[in-house]
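Read through the structure below, which is laid out as structure tokens, and then see the notes.
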Amino acid sequence: MRRIHHHFSRIAHKYRDLRTIDLALLSIIKKRLENLTEIEAADVGCGAGRYDLMLFQYLRERLSLNCIDCNENMLNELMNYLKDNKLRNFKAIIASASALPLSDNSLDSIFTFNAIHHFKLLDFFKESSRVLRDNGYFFIYTRLRSQNKRNIWGGYFPEFHEKETRLYELGDLKEKLKEVPILKLESIEYFRYRRTAKFDWLITLAKNNHYSTFNLYDKKEFEEALKKFPENISCDFKDPDKIIWNDENIMLIIRKNVLH
């Protein structure tokens, strides 16, 4: 964990430039929350704020957002980013997903985007059930281990899939949710994105560790994988300026039940 924390501290200043924002999920979130005139929410594992700006653009003045992350460098980037975009209705909070510094029954919604594999899952679920109001929404956007295996990195970058053991499968998430019965899985949304990139950009992403998975390699392992990567790619892609693949993600839409 210390190694990963150092990775995010080191990459914080360029993180938004290296990662993609998927907009389709935001329309679904907006639809689910459309009946609320005010939305008190938290983004847990917010990082440098790439999704938080979009949340404000989709939910507008209705949103009051607690941006929570355990990495101070990421939060500093987030604060500058949101303030530069003229946003003020947010708080940047340094905290663990296992111990949210929020009052019981205080939130209408919780979001987490591509971060849940960094959390202690059951602790996070219990904390989310505590701070959500009755009927509050809990949105988990992530990629599954099997989805990770099928993307450009899992398919072609040596050992990428094997090293990324932190990701869950859908069954894992469902089983853990059962341990917090007040949280009910309402629906699952599946996403498939067509990506196109030049091979040189893929190399740039890997060298800049745009996925924390790359930080799980030691130096020699990474250098060897980086040498093998072009060979693997060239077997299936003839034009290095047009590498095409699909990224897949899911979003779990969960609600806190009202107990009688």
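Here's how to read the names in the structure tokens: chain A, B, ... by the order shown, residue numbers from 1 in each chain, ligand numbers from 1 in the order shown.
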Would you list the contacts of range 176-186 of chain A as a PyMOL selection string, taking every protein, DNA or RNA residue within 12 Å and counting only C-alpha atoms, but skipping same-chain residues closer than 3 positions in sequence? chain A and resi 32+120-140+168-173+189+251-260
Exercise. Mind checking DSSP for range 11-217 of chain A and telling me the alpha helix (DSSP H) residues as JSON, numbers by chain?
Worked result: {"A": [11, 15, 16, 17, 18, 24, 25, 26, 27, 28, 29, 30, 31, 32, 50, 51, 52, 53, 54, 55, 56, 57, 58, 59, 72, 73, 74, 75, 76, 77, 78, 79, 80, 81, 82, 83, 84, 121, 122, 123, 124, 125, 126, 127, 128, 129, 130, 131, 145, 146, 147, 148, 149, 150, 152, 153, 154, 155, 156, 160, 161, 162, 163, 170, 171, 172, 173, 174, 175, 176, 177, 199, 200, 201, 202, 203, 204, 205, 206, 207]}
task = Would you list the contacts of range 40-48 of chain A as a PyMOL selection string, taking every protein, DNA or RNA residue within 7 Å and counting only C-alpha atoms, but skipping same-chain residues closer than 2 positions in sequence?
result = chain A and resi 12+15-16+38+50+63-69+74-75+77-78+97+107-112+115
Using only C-alpha atoms for the distances, tell me which of A:Asn73, A:Lys174, A:Pro240, A:Phe160 is nearest to Ala206 in chain A.
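Ranking A:Asn73, A:Lys174, A:Pro240, A:Phe160 by distance to Ala206 in chain A, first place goes to A:Phe160.
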Shortest interatomic distance to Ile11 in chain A - which of A:Asn71, A:Ala95, A:Ile233, A:Asn85, counting only C-alpha atoms:
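Looking at the shortest contact to Ile11 in chain A, the residue is A:Asn71.
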Among A:Phe157, A:Tyr211, A:Phe90, A:Trp201, Glu223 in chain A is approached most closely, using only C-alpha atoms, by A:Phe157
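Going from CA of Leu23 in chain A to CA of Gln57 in chain A covers 11.2 Å.
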*Tell me, in Å to one decimal, how far CA of Lys149 in chain A is from CA of Leu55 in chain A.*
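Between these atoms lies a distance of 28.9 Å.
Distance-wise, CA of Pro158 in chain A and CA of Arg195 in chain A end up 20.0 Å apart.
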Which residues, written as a PDB file with C-alpha atoms, in the first residue's frame, have at least one atom at most 8 Å from Gln147 in chain A, with only C-alpha atoms counted and residues fewer than 6 positions away on the same chain left out?
ATOM      1  CA  ASP A 247     -12.531  -1.103 -22.816  1.00  0.00           C
ATOM      2  CA  GLU A 248     -15.255  -2.525 -20.598  1.00  0.00           C
ATOM      3  CA  ASN A 249     -16.628  -1.328 -17.266  1.00  0.00           C
TER       4      ASN A 249
END
Can you list, as number ranges by chain, every residue of range 23-162 of chain A that DSSP puts in strand (DSSP E)? A: 39-44, 63-69, 90-94, 107-113, 132-142
Applying 10 Å and only C-alpha atoms, which residues near Lys207 in chain A remain after dropping the ones on its own chain fewer than 3 positions away? List them as number ranges by chain. A: 201-204, 210, 214, 222-223, 226
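When only C-alpha atoms are used to compute distances to Asn208 in chain A, the closest of the residues A:Phe8, A:Tyr51, A:Phe56, A:Phe191 turns out to be A:Phe8.
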